Every structure is written in structure tokens, then in C-alpha cells.
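The file upload.tsv comes next; it holds TSV, C-alpha atoms.
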chain	number	residue	atom	x	y	z
U	532	MET	CA	-24.59	4.10	-21.80
U	533	GLY	CA	-27.90	3.61	-23.59
U	534	LEU	CA	-29.29	5.93	-26.23
U	535	LEU	CA	-31.75	7.37	-23.74
U	536	ASP	CA	-28.92	8.44	-21.42
U	537	ARG	CA	-27.70	10.82	-24.07
U	538	PHE	CA	-30.74	13.01	-23.60
U	539	ARG	CA	-30.29	13.30	-19.88
U	540	VAL	CA	-28.65	16.37	-18.51
U	541	ALA	CA	-24.92	15.83	-18.18
U	542	ARG	CA	-23.95	16.09	-14.53
U	543	LYS	CA	-20.57	16.72	-13.06
U	544	GLY	CA	-18.97	13.40	-12.18
U	545	SER	CA	-18.35	12.51	-8.56
U	546	ALA	CA	-14.70	11.77	-9.40
U	547	SER	CA	-13.83	15.47	-9.43
U	548	VAL	CA	-15.34	15.85	-5.95
U	549	ALA	CA	-13.26	12.89	-4.78
U	550	ARG	CA	-10.13	14.44	-6.23
U	551	GLU	CA	-10.67	17.79	-4.52
U	552	ARG	CA	-11.45	16.21	-1.15
U	553	LEU	CA	-8.38	14.00	-1.35
U	554	GLN	CA	-6.06	16.83	-2.30
U	555	ILE	CA	-7.12	18.83	0.75
U	556	MET	CA	-7.06	15.85	3.11
U	557	ILE	CA	-3.67	14.57	2.00
U	558	ALA	CA	-2.07	18.01	2.14
U	559	ARG	CA	-3.24	18.22	5.75
U	560	ASP	CA	-2.10	14.69	6.62
U	561	ARG	CA	1.33	15.40	5.18
U	562	SER	CA	1.81	18.69	7.01
U	563	GLU	CA	1.06	16.91	10.29
U	564	ARG	CA	3.36	14.02	9.50
U	565	GLY	CA	6.58	15.99	9.74
U	566	ARG	CA	5.73	17.58	13.06
U	567	PRO	CA	7.91	16.79	16.07
U	568	SER	CA	6.17	14.49	18.54
U	569	TYR	CA	6.63	16.91	21.45
U	570	LEU	CA	4.31	19.57	19.99
U	571	PRO	CA	1.06	18.60	21.78
U	572	LYS	CA	2.85	18.50	25.15
U	573	LEU	CA	4.59	21.79	24.45
U	574	GLU	CA	1.25	23.36	23.60
U	575	LYS	CA	-0.30	22.09	26.82
U	576	GLU	CA	2.53	23.30	29.04
U	577	ILE	CA	2.63	26.74	27.45
U	578	LEU	CA	-1.08	27.02	28.06
U	579	GLU	CA	-0.59	26.13	31.73
U	580	VAL	CA	2.09	28.78	32.16
U	581	ILE	CA	-0.03	31.47	30.54
U	582	ARG	CA	-2.99	30.53	32.67
U	583	LYS	CA	-0.96	31.28	35.80
U	584	TYR	CA	-1.11	34.93	34.79
U	585	VAL	CA	-4.06	35.37	32.44
U	586	GLU	CA	-7.33	33.51	32.20
U	587	VAL	CA	-7.37	32.30	28.59
U	588	ASP	CA	-9.44	29.74	26.67
U	589	PRO	CA	-7.96	26.26	26.17
U	590	ASP	CA	-7.80	26.95	22.44
U	591	ALA	CA	-6.14	30.34	22.87
U	592	VAL	CA	-2.71	28.85	22.23
U	593	SER	CA	-1.90	27.45	18.84
U	594	VAL	CA	1.42	25.97	17.87
U	595	ASN	CA	2.29	25.81	14.22
U	596	TYR	CA	5.20	23.96	12.78
U	597	GLU	CA	6.48	24.39	9.27
U	598	GLN	CA	9.45	22.90	7.55
U	599	ASP	CA	11.10	23.51	4.24
U	600	ALA	CA	14.44	22.56	2.81
U	601	HIS	CA	16.34	25.26	4.68
U	602	GLN	CA	14.63	25.86	7.98
U	603	GLU	CA	12.09	24.80	10.54
U	604	VAL	CA	9.70	27.41	11.88
U	605	LEU	CA	7.89	27.01	15.17
U	606	GLU	CA	5.14	29.59	15.38
U	607	LEU	CA	3.32	30.31	18.64
U	608	ASN	CA	0.08	32.22	18.57
U	609	ILE	CA	-1.54	33.26	21.82
U	610	VAL	CA	-4.86	35.06	21.85
U	611	LEU	CA	-5.42	37.13	24.99
U	612	PRO	CA	-9.00	37.94	25.95
U	613	GLU	CA	-9.95	41.65	25.86
U	614	SER	CA	-10.88	41.73	29.55
U	615	ALA	CA	-7.50	40.39	30.62
U	616	GLN	CA	-5.56	43.58	30.06
U	617	ARG	CA	-2.88	43.89	32.70
U	618	ALA	CA	-3.90	42.48	36.02
T	860	MET	CA	21.57	-10.83	-2.14
T	861	ALA	CA	17.85	-10.87	-2.63
T	862	ARG	CA	15.83	-7.76	-3.26
T	863	ILE	CA	13.03	-7.51	-0.70
T	864	ILE	CA	9.69	-6.26	-2.03
T	865	VAL	CA	6.77	-5.39	0.24
T	866	VAL	CA	3.26	-5.37	-1.17
T	867	THR	CA	1.33	-3.00	1.06
T	868	SER	CA	-1.65	-0.63	1.11
T	869	GLY	CA	-2.98	0.31	4.53
T	870	LYS	CA	-6.54	-0.46	3.47
T	871	GLY	CA	-7.84	-4.04	3.32
T	872	GLY	CA	-9.43	-5.75	0.35
T	873	VAL	CA	-7.62	-3.78	-2.33
T	874	GLY	CA	-5.73	-6.73	-3.80
T	875	LYS	CA	-2.48	-7.15	-1.86
T	876	THR	CA	-2.53	-10.94	-1.77
T	877	THR	CA	-3.66	-11.23	-5.41
T	878	THR	CA	-0.78	-8.90	-6.30
T	879	SER	CA	1.81	-10.70	-4.16
T	880	ALA	CA	0.86	-14.06	-5.68
T	881	SER	CA	0.99	-12.76	-9.25
T	882	ILE	CA	4.19	-10.76	-8.90
T	883	ALA	CA	5.99	-13.64	-7.22
T	884	MET	CA	4.80	-16.02	-9.92
T	885	GLY	CA	5.77	-13.53	-12.64
T	886	LEU	CA	9.29	-13.06	-11.27
T	887	ALA	CA	9.76	-16.81	-10.92
T	888	ARG	CA	8.57	-17.49	-14.48
T	889	ARG	CA	11.19	-15.10	-15.73
T	890	GLY	CA	13.82	-17.27	-14.11
T	891	HIS	CA	14.33	-15.48	-10.79
T	892	ARG	CA	14.37	-17.59	-7.66
T	893	THR	CA	11.54	-16.06	-5.66
T	894	ALA	CA	10.03	-16.57	-2.21
T	895	VAL	CA	6.70	-15.08	-1.19
T	896	ILE	CA	5.88	-14.67	2.51
T	897	ASP	CA	2.44	-14.23	4.07
T	898	PHE	CA	2.75	-11.72	6.94
T	899	ASP	CA	-0.93	-11.87	7.84
T	900	VAL	CA	-0.50	-13.81	11.06
T	901	GLY	CA	-3.80	-15.29	12.23
T	902	LEU	CA	-5.60	-14.77	8.93
T	903	ARG	CA	-3.52	-16.61	6.40
T	904	ASN	CA	-4.78	-16.63	2.85
T	905	LEU	CA	-1.81	-16.45	0.50
T	906	ASP	CA	-1.64	-20.27	0.53
T	907	LEU	CA	-5.25	-20.38	-0.70
T	908	VAL	CA	-4.66	-17.86	-3.48
T	909	MET	CA	-1.55	-19.81	-4.51
T	910	GLY	CA	-3.41	-23.12	-4.31
T	911	CYS	CA	-1.06	-24.83	-1.86
T	912	GLU	CA	-3.19	-24.74	1.31
T	913	ARG	CA	-3.19	-28.52	1.70
T	914	ARG	CA	0.60	-28.71	1.67
T	915	VAL	CA	1.16	-26.41	4.65
T	916	VAL	CA	3.04	-28.22	7.42
T	917	TYR	CA	5.15	-25.54	9.09
T	918	ASP	CA	4.73	-21.78	8.86
T	919	PHE	CA	6.55	-18.46	9.20
T	920	VAL	CA	6.14	-18.30	12.99
T	921	ASN	CA	7.47	-21.86	13.39
T	922	VAL	CA	10.61	-20.76	11.56
T	923	ILE	CA	10.95	-17.60	13.64
T	924	ASN	CA	10.57	-19.64	16.83
T	925	GLN	CA	13.08	-22.17	15.46
T	926	GLU	CA	10.57	-25.01	15.70
T	927	ALA	CA	11.24	-25.74	12.04
T	928	ASN	CA	13.93	-24.72	9.60
T	929	LEU	CA	13.27	-22.78	6.43
T	930	ASN	CA	13.57	-25.75	4.12
T	931	GLN	CA	10.88	-27.57	6.07
T	932	ALA	CA	8.50	-24.64	5.94
T	933	LEU	CA	8.97	-23.41	2.38
T	934	ILE	CA	6.47	-24.89	-0.07
T	935	ARG	CA	7.70	-25.26	-3.62
T	936	ASP	CA	5.12	-24.23	-6.20
T	937	LYS	CA	3.91	-27.16	-8.33
T	938	ARG	CA	3.80	-25.07	-11.52
T	939	GLU	CA	7.03	-23.17	-11.17
T	940	ASP	CA	10.27	-24.58	-9.76
T	941	ASN	CA	11.70	-21.17	-8.91
T	942	LEU	CA	8.82	-20.20	-6.65
T	943	PHE	CA	8.47	-20.91	-2.93
T	944	ILE	CA	5.74	-19.95	-0.48
T	945	LEU	CA	6.20	-19.33	3.24
T	946	PRO	CA	2.71	-19.44	4.74
T	947	ALA	CA	1.48	-17.38	7.69
T	948	SER	CA	0.71	-18.95	11.00
T	949	GLN	CA	-2.86	-19.33	12.29
T	950	THR	CA	-1.75	-18.33	15.78
T	951	ARG	CA	-3.60	-15.42	17.30
T	952	ASP	CA	-0.44	-14.05	18.85
T	953	LYS	CA	0.29	-11.06	16.62
T	954	GLU	CA	3.52	-10.36	18.47
T	955	ALA	CA	4.94	-13.66	17.26
T	956	LEU	CA	6.63	-11.71	14.46
T	957	THR	CA	9.62	-10.17	16.20
T	958	LYS	CA	11.87	-7.72	14.42
T	959	GLU	CA	14.91	-9.94	15.08
T	960	GLY	CA	13.09	-13.10	14.00
T	961	VAL	CA	11.82	-11.60	10.77
T	962	GLY	CA	15.27	-10.17	10.06
T	963	ARG	CA	16.90	-13.56	10.60
T	964	VAL	CA	14.49	-15.34	8.23
T	965	LEU	CA	14.89	-12.66	5.55
T	966	ASP	CA	18.69	-12.81	5.86
T	967	GLU	CA	18.61	-16.54	5.37
T	968	LEU	CA	16.28	-16.26	2.36
T	969	ALA	CA	18.46	-13.52	0.89
T	970	GLN	CA	21.35	-15.96	0.58
T	971	SER	CA	19.64	-18.24	-1.91
T	972	PHE	CA	16.85	-16.17	-3.49
T	973	ASP	CA	16.79	-13.30	-5.98
T	974	TYR	CA	13.53	-11.79	-4.76
T	975	VAL	CA	11.55	-12.03	-1.54
T	976	VAL	CA	7.97	-10.75	-1.82
T	977	CYS	CA	6.37	-9.80	1.52
T	978	ASP	CA	2.56	-9.86	1.47
T	979	SER	CA	1.56	-7.32	4.12
T	980	PRO	CA	-1.62	-7.55	6.20
T	981	ALA	CA	-4.02	-4.60	6.10
T	982	GLY	CA	-3.74	-1.80	8.64
T	983	ILE	CA	-0.72	-0.04	10.04
T	984	GLU	CA	-0.25	-2.27	13.08
T	985	HIS	CA	2.52	-4.67	14.00
T	986	GLY	CA	2.19	-7.16	11.11
T	987	ALA	CA	2.13	-4.42	8.48
T	988	THR	CA	5.14	-2.62	9.98
T	989	MET	CA	7.08	-5.91	10.17
T	990	ALA	CA	6.29	-6.66	6.52
T	991	MET	CA	7.72	-3.34	5.36
T	992	TYR	CA	10.58	-2.87	7.84
T	993	TYR	CA	13.31	-4.64	5.83
T	994	ALA	CA	11.99	-3.74	2.36
T	995	ASP	CA	14.08	-2.41	-0.50
T	996	ASP	CA	11.07	-1.77	-2.74
T	997	ALA	CA	7.43	-1.14	-1.91
T	998	ILE	CA	4.49	-1.77	-4.19
T	999	VAL	CA	1.60	0.29	-2.87
T	1000	VAL	CA	-1.67	-1.29	-3.99
T	1001	THR	CA	-4.39	1.32	-4.30
T	1002	ASN	CA	-7.97	1.32	-5.56
T	1003	PRO	CA	-9.27	4.45	-7.29
T	1004	GLU	CA	-11.40	5.31	-4.29
T	1005	VAL	CA	-10.97	7.99	-1.59
T	1006	SER	CA	-10.30	5.88	1.50
T	1007	SER	CA	-7.84	3.63	-0.29
T	1008	VAL	CA	-5.87	6.59	-1.68
T	1009	ARG	CA	-5.71	8.26	1.71
T	1010	ASP	CA	-4.59	5.05	3.44
T	1011	SER	CA	-1.92	4.55	0.79
T	1012	ASP	CA	-0.60	8.01	1.51
T	1013	ARG	CA	-0.41	7.19	5.21
T	1014	MET	CA	1.49	4.04	4.36
T	1015	LEU	CA	3.93	6.11	2.30
T	1016	GLY	CA	4.58	8.20	5.41
T	1017	ILE	CA	5.32	5.04	7.40
T	1018	LEU	CA	7.62	3.66	4.69
T	1019	ALA	CA	9.55	6.92	4.75
T	1020	SER	CA	9.98	7.03	8.52
T	1021	LYS	CA	9.69	3.58	10.13
T	1022	SER	CA	11.65	1.29	7.82
T	1023	ARG	CA	15.17	0.02	8.42
T	1024	ARG	CA	16.40	2.09	5.50
T	1025	ALA	CA	14.87	5.21	7.06
T	1026	GLU	CA	16.28	4.43	10.51
T	1027	ARG	CA	19.75	3.88	9.13
T	1028	GLY	CA	19.63	6.87	6.82
T	1029	ASP	CA	20.19	4.60	3.80
T	1030	GLU	CA	18.80	5.28	0.36
T	1031	PRO	CA	14.99	5.31	0.84
T	1032	ILE	CA	12.70	2.46	-0.16
T	1033	ARG	CA	11.73	2.65	-3.83
T	1034	GLU	CA	7.99	3.14	-3.94
T	1035	TYR	CA	5.70	2.17	-6.81
T	1036	LEU	CA	2.00	2.68	-7.35
T	1037	LEU	CA	-0.16	-0.24	-8.43
T	1038	LEU	CA	-3.70	0.85	-9.20
T	1039	SER	CA	-6.10	-2.08	-9.08
T	1040	ARG	CA	-9.82	-2.63	-9.71
T	1041	TYR	CA	-9.68	0.09	-12.34
T	1042	SER	CA	-12.73	0.59	-14.52
T	1043	PRO	CA	-11.97	2.72	-17.61
T	1044	GLU	CA	-15.70	2.96	-18.38
T	1045	ARG	CA	-16.47	4.52	-15.01
T	1046	VAL	CA	-13.50	6.86	-15.33
T	1047	ALA	CA	-14.82	7.95	-18.76
T	1048	ARG	CA	-18.16	8.74	-17.13
T	1049	GLY	CA	-16.47	10.82	-14.45
T	1050	GLU	CA	-17.50	8.40	-11.71
T	1051	MET	CA	-14.07	7.14	-10.74
T	1052	LEU	CA	-10.70	8.75	-10.05
T	1053	SER	CA	-8.44	8.39	-13.07
T	1054	VAL	CA	-4.91	6.97	-13.17
T	1055	ASP	CA	-3.52	10.48	-13.45
T	1056	ASP	CA	-5.60	11.74	-10.52
T	1057	VAL	CA	-4.21	9.04	-8.21
T	1058	LYS	CA	-0.68	9.34	-9.55
T	1059	ASP	CA	-0.69	13.10	-9.01
T	1060	ILE	CA	-2.24	12.97	-5.55
T	1061	LEU	CA	0.22	10.36	-4.30
T	1062	ALA	CA	3.18	11.63	-6.36
T	1063	LEU	CA	4.32	8.08	-7.13
T	1064	ASP	CA	5.75	6.27	-10.15
T	1065	LEU	CA	3.10	4.11	-11.76
T	1066	LEU	CA	4.11	0.46	-11.96
T	1067	GLY	CA	0.86	-0.74	-13.44
T	1068	VAL	CA	-2.91	-0.61	-13.63
T	1069	ILE	CA	-4.96	-3.76	-13.12
T	1070	PRO	CA	-8.42	-3.48	-14.63
T	1071	GLU	CA	-11.45	-4.63	-12.65
T	1072	SER	CA	-11.91	-8.17	-13.90
T	1073	GLN	CA	-13.99	-11.28	-13.30
T	1074	SER	CA	-10.87	-13.32	-13.84
T	1075	VAL	CA	-9.36	-12.22	-10.50
T	1076	LEU	CA	-12.14	-13.96	-8.57
T	1077	SER	CA	-12.12	-17.02	-10.83
T	1078	ALA	CA	-8.37	-17.33	-10.37
T	1079	SER	CA	-8.50	-17.13	-6.59
T	1080	ASN	CA	-11.42	-19.59	-6.57
T	1081	ALA	CA	-9.17	-22.03	-8.36
T	1082	GLY	CA	-5.99	-21.25	-6.40
T	1083	VAL	CA	-4.17	-20.01	-9.48
T	1084	PRO	CA	-2.36	-16.65	-9.48
T	1085	VAL	CA	-4.24	-14.53	-12.02
T	1086	ILE	CA	-1.02	-13.76	-13.92
T	1087	LEU	CA	-1.24	-17.33	-15.26
T	1088	ASP	CA	-4.56	-16.49	-16.94
T	1089	GLU	CA	-2.97	-15.13	-20.08
T	1090	ALA	CA	-6.34	-14.66	-21.77
T	1091	SER	CA	-7.51	-12.13	-19.18
T	1092	ASP	CA	-6.81	-8.40	-19.08
T	1093	ALA	CA	-5.85	-8.61	-15.41
T	1094	GLY	CA	-3.41	-11.46	-16.06
T	1095	ARG	CA	-1.74	-9.60	-18.92
T	1096	ALA	CA	-1.63	-6.38	-16.91
T	1097	TYR	CA	0.23	-8.24	-14.14
T	1098	ALA	CA	2.66	-9.74	-16.66
T	1099	ASP	CA	3.38	-6.23	-18.02
T	1100	LEU	CA	3.83	-4.92	-14.53
T	1101	VAL	CA	6.44	-7.54	-13.67
T	1102	GLY	CA	8.30	-6.64	-16.87
T	1103	ARG	CA	8.19	-2.97	-15.91
T	1104	TYR	CA	9.47	-3.75	-12.42
T	1105	LEU	CA	12.42	-5.54	-14.06
T	1106	GLY	CA	13.19	-2.42	-16.07
T	1107	GLU	CA	11.37	-3.03	-19.35
T	1108	ASP	CA	9.73	-0.08	-21.01
T	1109	LEU	CA	6.19	-1.32	-21.63
T	1110	PRO	CA	3.20	0.91	-22.46
T	1111	HIS	CA	0.27	0.83	-20.03
T	1112	ARG	CA	-2.66	-1.10	-21.48
T	1113	PHE	CA	-6.33	-1.39	-20.54
T	1114	LEU	CA	-6.67	2.29	-19.62
T	1115	GLU	CA	-9.27	3.15	-22.26
T	1116	ALA	CA	-12.94	2.24	-22.20
T	1117	GLN	CA	-13.86	-0.51	-24.66
T	1118	LYS	CA	-15.64	0.66	-27.78
T	1119	LYS	CA	-19.17	-0.63	-27.75
T	1120	GLY	CA	-21.04	-2.20	-30.62
T	1121	LEU	CA	-24.24	-0.74	-32.05
T	1122	LEU	CA	-26.56	-3.02	-30.11
T	1123	SER	CA	-25.09	-2.34	-26.70
T	1124	ARG	CA	-25.06	1.37	-27.53
T	1125	LEU	CA	-28.77	1.31	-28.25
T	1126	PHE	CA	-29.81	-0.82	-25.36
T	1127	GLY	CA	-27.20	0.11	-22.77
T	1128	GLY	CA	-24.94	-2.41	-21.20
Could you rewrite the structure in this file as C-alpha cells?
Amino acid sequence: MGLLDRFRVARKGSASVARERLQIMIARDRSERGRPSYLPKLEKEILEVIRKYVEVDPDAVSVNYEQDAHQEVLELNIVLPESAQRA
Amino acid sequence: MARIIVVTSGKGGVGKTTTSASIAMGLARRGHRTAVIDFDVGLRNLDLVMGCERRVVYDFVNVINQEANLNQALIRDKREDNLFILPASQTRDKEALTKEGVGRVLDELAQSFDYVVCDSPAGIEHGATMAMYYADDAIVVTNPEVSSVRDSDRMLGILASKSRRAERGDEPIREYLLLSRYSPERVARGEMLSVDDVKDILALDLLGVIPESQSVLSASNAGVPVILDEASDAGRAYADLVGRYLGEDLPHRFLEAQKKGLLSRLFGG
């Protein structure tokens, strides 16, 4: 760093941006890593069954999988459209 | 029984082969009979870094295919009697490394060696998974840079799920972080992830930090593992790292930016 650099405005280093991005990305990678391999297929088949009865968007079904030391939780979330109330 | 060490990373160009060559040389110099295997089938380069490229007659795939025996294929290092190199094949057939074949070669090596260092190719494909499958210890080579850190984390996931130890439910592979191409000056300026950043993100034990150094290129130009360059920071950092791997309690060096003299302060440098 030259003497002149000392008079420049100190800017936030890019390393802190890198750290934040990595923390988010790696937390996401790791949560996906432990998921059972059947989840995408399960999600697709559930969607097909629901669509037999209600017209829903392809992204209306979300399957969430969480695991801690004691239990595994499989969470299904299905969003029904407002117009599809009881055929 | 030999201890099998894989040097891996996911990302290419981070210093796996440099590290494999130096660690193998370091272990051998401390009196351990050591073999180092190049798993990069089709793109061999460990022999070049070790400086024995003109002595390659048979290679790893020849041994797996039983076209040569191990003693014919192993190249004894000219500087260190305890060190042997098993070069990769130039064949383009990546599937030449079979799980059974690799296992058989490692079993045979394990009978007469103390350490077997497996230099993994980049990526997470066949060659990389074969290099880590039988490992007892993994040295994850990472640069302080986003894509390298992320790829290292992916490799940690593979080590934890796809190795023989994982499949058998044995004690997991011991994983160590090796941070290479580290520039304390850039870290001080906030331009580069610090040792602690990477260690925290990956949640790994730190085996060593190799500073960015001209001597790494000079050493590979000459076919000399950089650990033999005892005048260089990188060489000494590798020597420390081998000591730490063997259980010595050595402080980490070369983590602080060098103090600059008055002239370079005034004129930049």
C-alpha cells in the first residue's frame, strides 16, 4: 500500500461479501445433501394425484425434508387455488 | 498396514499434485515408507512434478490390468529411498480404474508401505471417487476463493457418504483442511477470505496454510517437490504440515502480512 492509498476512502473488502455468500450457499447445499433420493419422484407423483381432483400449478406442491439427531420430518405443503373450492 | 491418504479438492488447479508430491516426500524423509499414486488417468502429471517422467515404463492401469506387477511399475525416487511413485496411465479410458482393481493394488501396497498418498483428479467423477474410496484420511486442498471453498464442501459430502468407510459404517474418514495460495497481504486488505473464514465455513481441522509463493512454480519447473526448497515459505509450510499430520504440535506460520520497509511504504509495492 503506497502513501497515497492512505488518503483514499476505505472501502469494505470483498472478502466479507465472499464469506456471506458462501455461508448461505453452503448451508443450502448441506440441507439438500441429506435428503432421501426419492423426494423429487414423490413430489411429482403427489402432484399428479392432486391434479386428478383439483387443477393446481406445478409448483403448488412443495416437499420439505428436515433431519436432526432425533427425528426426520417430511413436510408436505399444497397450495390450492382460490377458484378450486369444492368441485 | 499402511494408512491411505487422499489429497482431494473438487476444484482443479488448487494444488493437489503439488501437495501430494510434497506430503509424500515429507513422510518419506521422516523415515516412513511411502507410495504416491497418480489417479488422474489420461492427464498424468505427478511424474512431472516429482521429476521422474522419463523413468515411467508401466503405470497404475497396467498394474490393475495385471499387465505388469507392482514392483515393475513403482518408480523409486532418486533423492529419497523410502519414496515410490506409481504414475497414472495416459489411456483415455477413464473406467480403467475399477473398484476391485484399485482395492487390490492398495491392499498389496499396504503390506509393505506405511503411507499411501492418493493424488485425486479434479471433479467429482469416477477418478476422484476411486481416489477417495479406500481412504483413511483426506486432505482437502482449498484456495481462499468462493468456488474452491464450495467445491471442497461438496467433496466433504462425498467423503462422508460414498467412501468404503461410510458404506461399511466404520469410523469416518479423518478430514483435514489445507489452505493453499494464501496471501496474508490480501487478507489484511480485506480482499481475500481469511484462514478463520474458511475454517469456520467448512468446519474442518486446519492441517496447514501454504502461502502463495513463486517457489511452487520454480519447483514444479524443475521437477522437485517444493518441500525440498527449505529456503522458501511454501517449502517450510509443507514441512510443518507433515509434522502436524504426524501428531506434532507446531504453530501455524506465514499467516501475517510481512512488515514493509520505509521505501516500499512510500512508493507502494
Mind checking which residues fall within 9 Å of U:Leu570, counting only C-alpha atoms, ignoring those fewer than 4 positions away in the same chain, and posting them as a ChimeraX atom specification?
/U:566,574-575,594-596
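If all atoms listed in the file are the atoms counted, then among T:Val873, T:Leu1100, T:Leu933, T:Val1054 the closest residue to T:Thr1001 is T:Val873.
Going from atom CA of T:Ser948 over to atom CA of T:Ala932, you cover 10.9 Å.
Between atom CA of T:Arg892 and atom CA of T:Ala861 lies a distance of 9.1 Å.
Each of U:Glu606, U:Ser593, U:Arg552, U:Gln598 was compared to U:Arg564 using all atoms listed in the file, and U:Gln598 turns out to be the nearest.
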Using all atoms listed in the file, can you tell me which of T:Val1046, T:Arg1095, T:Gly1102, T:Thr988 comes closest to chain U?
T:Val1046
Show me the residues around (-0.8, 31.5, 29.6) - criterion: an atom at most 12 Å away, all atoms listed in the file counted - as a short mmCIF file (atom, residue, chain, number, x, y, z; two decimals) with C-alpha atoms, in the coordinates of the input.
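Done, and the output landed in out.cif:
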data_model
loop_
_atom_site.label_atom_id
_atom_site.label_comp_id
_atom_site.auth_asym_id
_atom_site.auth_seq_id
_atom_site.Cartn_x
_atom_site.Cartn_y
_atom_site.Cartn_z
CA GLU U 574 1.25 23.36 23.60
CA LYS U 575 -0.30 22.09 26.82
CA GLU U 576 2.53 23.30 29.04
CA ILE U 577 2.63 26.74 27.45
CA LEU U 578 -1.08 27.02 28.06
CA GLU U 579 -0.59 26.13 31.73
CA VAL U 580 2.09 28.78 32.16
CA ILE U 581 -0.03 31.47 30.54
CA ARG U 582 -2.99 30.53 32.67
CA LYS U 583 -0.96 31.28 35.80
CA TYR U 584 -1.11 34.93 34.79
CA VAL U 585 -4.06 35.37 32.44
CA GLU U 586 -7.33 33.51 32.20
CA VAL U 587 -7.37 32.30 28.59
CA ASP U 588 -9.44 29.74 26.67
CA PRO U 589 -7.96 26.26 26.17
CA ASP U 590 -7.80 26.95 22.44
CA ALA U 591 -6.14 30.34 22.87
CA VAL U 592 -2.71 28.85 22.23
CA SER U 593 -1.90 27.45 18.84
CA LEU U 607 3.32 30.31 18.64
CA ASN U 608 0.08 32.22 18.57
CA ILE U 609 -1.54 33.26 21.82
CA VAL U 610 -4.86 35.06 21.85
CA LEU U 611 -5.42 37.13 24.99
CA PRO U 612 -9.00 37.94 25.95
CA ALA U 615 -7.50 40.39 30.62
#
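The shell of residues at most 8 Å from U:Ile557, with all atoms listed in the file counted and near chain neighbours (fewer than 4 positions) removed, consists of Leu553 and Arg561 of chain U; Arg1009, Asp1012 and Ile1060 of chain T.
Within the 6 Å cut-off around stretch 969-982 of chain T, using all atoms listed in the file and omitting residues fewer than 2 positions from it on the same chain, the listed residues are Met860, Ala861, Arg862, Ile863, Ile864, Val865, Val866, Thr867, Gly869, Lys870, Gly871, Ser879, His891, Arg892, Thr893, Ala894, Val895, Ile896, Asp897, Phe898, Asp899, Leu965, Asp966, Glu967, Glu984, Ala987 and Ala990 of chain T.
Using all atoms listed in the file, the nearest neighbour of T:Arg963 within the list T:Ile983, T:Ala883, T:Leu929, T:Ala1090 is T:Leu929.
Atom CA of T:Gly1067 lies 7.6 Å from atom CA of T:Asp1099.
Minimum atom-to-atom distance to chain U, evaluated using all atoms listed in the file, belongs to T:Leu1052 out of T:Ala955, T:Val1000, T:Val1068, T:Leu1052.
For T:Asn921, the list of residues within 12 Å, based on all atoms listed in the file and with local chain neighbours fewer than 6 positions off taken out, reads Val900, Val915, Ala927, Asn928, Leu929, Asn930, Gln931, Ala932, Leu933, Leu945, Pro946, Ala947, Ser948, Gln949, Thr950, Ala955, Leu956, Gly960, Val961 and Val964 of chain T.
The nearest approach to chain U among the residues T:Asp906, T:Asp1010, T:Glu926, T:Glu1050, with all atoms listed in the file taken into account, belongs to T:Glu1050.
Summary of the local environment: counting all atoms listed in the file, residues at most 9 Å from T:Thr957, other than itself and those fewer than 4 positions away along its chain, are Ile923, Val961, Gly962 and Met989 of chain T.
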